[in-house]
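Here is the structure we will look at, set down as structure tokens.
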Amino acid sequence: MCRLIANELVSGVTVDGVPVSREELVPESEEETCNRFLIGNGAFITL
Amino acid sequence: MLKAYQVAPFEPVSTDYSVSLAGESLHVYPVRFSAMATNQIFRGKQRGIDETELASYVHFEGDEAASLTVDVNFDVFCASVVPASAGVKVLRNGRRLQFTLEKCGSYVLEVNGVHKPLHIFFDPPETQVPDQDDPNVLYYGPGLHNVGLLRVQSGQTLYLAGGARLMGGVIAEHADGIRIMGRGVIDTSLVPRQSAINSILLVDCRDVTVEGVILHDAPCFSLKIGGGGNHRIDGVKVIGQWRYNADGIDLYNTHDVRITNCFVRTFDDCIVLKGGHEVGGMKTNNSNVEDILVERCVLWNDWGRALEIGAETCADEMHRITFRNCDVLHFLFMACDVQACGDALVHDVLFEDIRVGEPLDPQCEPRLCEIFIRPMCWIKGDKMGRVEGITFRRIAYTGRTMVPCRMIGYQADSDVRDVRFEEITINGGKPSAQKATPCAA
């Protein structure tokens, strides 16, 4: 439920002081980033 | 002693609720909000009323516990007072609800879910009512006042008594020592969207206090502050934000600002810190956003983000920023957000003791916490900034929808570094950072 999603341009993440390895982070592809961008920032009516 | 405010005869009445405070009837005001999650890029067109719905609010003050009786004019299947952190117990007898608010604050009575709620603004007694004969006091008593665009000058106090409704916007430019205060309403509902007038606009002002007033139905952003610094925003209520891009409190390139005890329900970002190239016609010169505290606020975000840095982050630095002890009742996209779309170095940011309730729509992929670096079409500039040293501490989410945390850097020198999650809880339990964390914490 509290997944930590990150792309490869994220470093130095800790949870309660414990470093989180890259393998523990849920990766996000560029395509997924674009799709989420459309949902979060592009949910507009076309002008 | 508990006190309701004088109500002008022109004020409309909500038909959803009848409310009494310690046995005395309270006026119940209707207030419009969005009914659906569609927005458009500014400036766009005026939104249709058919995309909205009415809710209600009451407003009173006092220095003792307030016992309220609410008669609901529709069937009641469930009812609760939020924020849950207030611990208010509701007694239900058919359509009659009774509860006691032990202390001042902003509350929402939700009946059968999130639609048609009753907002309750319980303010502390006023202690510094200015002298209306003072030449530096712009005094507005109970009643309707058409002011158009009211300009406030250095050293002036704009006072709105409870029951006053100021029709129009308030602006101050290059001014110092202004106070905007009282228990009245600044109402921009008749101002067309294309005007882009704010409820209150402060440009390059210093030492401004905004206290206690209700800001109602702004054409876009409600309280906008650009440049200057050393401001106190306390007990302000932002409601009726149903129009597209209707932010709550927006700070641009300013410093030493405290936002406390506010209620903000908006159809775009609730409380947001920005860095822009210009604001109110004034160049910002990339000045910093720094030493900002947002504390003890109650937020309801119908679209956008609840607590945000961005999306505009055009500044040298945006830092020493704290969001603390706030309740996000509902949100659509992000509860705690750093959205860096400019060239600023965003660092030394703390989100602490933030209680977050159920998102409004699971289809919108809500996130509990997010850091995101990406250029945007309305922010011009080639250079992108970086985000580092962000702490999310004691973020407590209660709800059924999955709410991941997400961090997205942009490129090698515009990346995200050193993000700390501390004591994050999901429905009272401690989640794991593992990929395979089950839905039920």
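FYI, nothing fancy with the structure tokens labels: chains A, B, ... in order, residues from 1 per chain, ligands from 1 as they appear.
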Can you build me a table of chain B residues sitting at most 6 Å from chain A, with the closest atom pair per residue and its distance in Å to one decimal, using only C-alpha atoms, sorted by chain and residue number, as JSON lines?
{"residue": "B:Asn39", "atom": "CA", "partner": "A:Phe44", "partner_atom": "CA", "distance": 4.6}
{"residue": "B:Gln40", "atom": "CA", "partner": "A:Phe44", "partner_atom": "CA", "distance": 4.1}
{"residue": "B:Met402", "atom": "CA", "partner": "A:Met1", "partner_atom": "CA", "distance": 5.1}
{"residue": "B:Pro404", "atom": "CA", "partner": "A:Cys2", "partner_atom": "CA", "distance": 4.5}
{"residue": "B:Cys405", "atom": "CA", "partner": "A:Leu4", "partner_atom": "CA", "distance": 5.0}
{"residue": "B:Arg406", "atom": "CA", "partner": "A:Ile5", "partner_atom": "CA", "distance": 4.4}
{"residue": "B:Met407", "atom": "CA", "partner": "A:Ala6", "partner_atom": "CA", "distance": 4.7}
{"residue": "B:Ile408", "atom": "CA", "partner": "A:Asn7", "partner_atom": "CA", "distance": 5.4}
{"residue": "B:Gly409", "atom": "CA", "partner": "A:Leu9", "partner_atom": "CA", "distance": 4.7}
{"residue": "B:Asp415", "atom": "CA", "partner": "A:Leu9", "partner_atom": "CA", "distance": 5.2}
{"residue": "B:Val416", "atom": "CA", "partner": "A:Val10", "partner_atom": "CA", "distance": 4.7}
{"residue": "B:Arg417", "atom": "CA", "partner": "A:Ser11", "partner_atom": "CA", "distance": 4.9}
{"residue": "B:Asp418", "atom": "CA", "partner": "A:Gly12", "partner_atom": "CA", "distance": 4.2}
{"residue": "B:Val419", "atom": "CA", "partner": "A:Val13", "partner_atom": "CA", "distance": 4.7}
{"residue": "B:Arg420", "atom": "CA", "partner": "A:Thr14", "partner_atom": "CA", "distance": 4.9}
{"residue": "B:Phe421", "atom": "CA", "partner": "A:Val15", "partner_atom": "CA", "distance": 4.7}
{"residue": "B:Glu422", "atom": "CA", "partner": "A:Asp16", "partner_atom": "CA", "distance": 4.5}
{"residue": "B:Gln434", "atom": "CA", "partner": "A:Glu24", "partner_atom": "CA", "distance": 5.5}
{"residue": "B:Cys439", "atom": "CA", "partner": "A:Met1", "partner_atom": "CA", "distance": 4.5}
Polymer residues at most 6 Å from Pro366 (chain B), only C-alpha atoms, same-chain spacing of 4 or more positions, as a list of chain:residue names: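 Counting only the stated atoms, we get B:Phe333, B:Met334, B:Val403.
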Store the residues of this selection in a file with C-alpha atoms, as a compact mmCIF listing (two decimals), in the first residue's frame.
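Listed below is the output, again_28.txt:
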# COMPACT_ATOMS: atom_id res chain seq x y z
CA PHE B 333 -3.72 13.71 -6.70
CA MET B 334 -1.12 14.37 -4.00
CA VAL B 403 -1.50 5.65 -1.98
Would you list, as a ChimeraX atom specification, the residues of region 172-300 of chain B that end up in strand (DSSP E or B) under DSSP run on this structure's backbone? /B:172-173,176,179-182,185-187,200-203,206,209-211,214-216,223-226,229-234,237-239,246,249-252,255-260,263-267,271-275,278-279,282-283,289-295,298-300
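With only C-alpha atoms taken into account, the protein and nucleic acid residues at most 7 Å from region 5-16 of chain B (excluding it and anything under 2 positions from it in its own chain) are B:Lys3, B:Val28, B:Tyr29, B:Pro30, B:Ser56, B:Phe60, B:Val72, B:Asn73, B:Pro142, B:Gly143, B:Gly162, B:Gly163.
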Taking 2 positions as the minimum chain separation for residues in the same chain, which residues sit within 7 Å of Asp247 (chain B) when counting only C-alpha atoms? Answer as a PyMOL selection string. chain B and resi 220-222+245+249+266-270
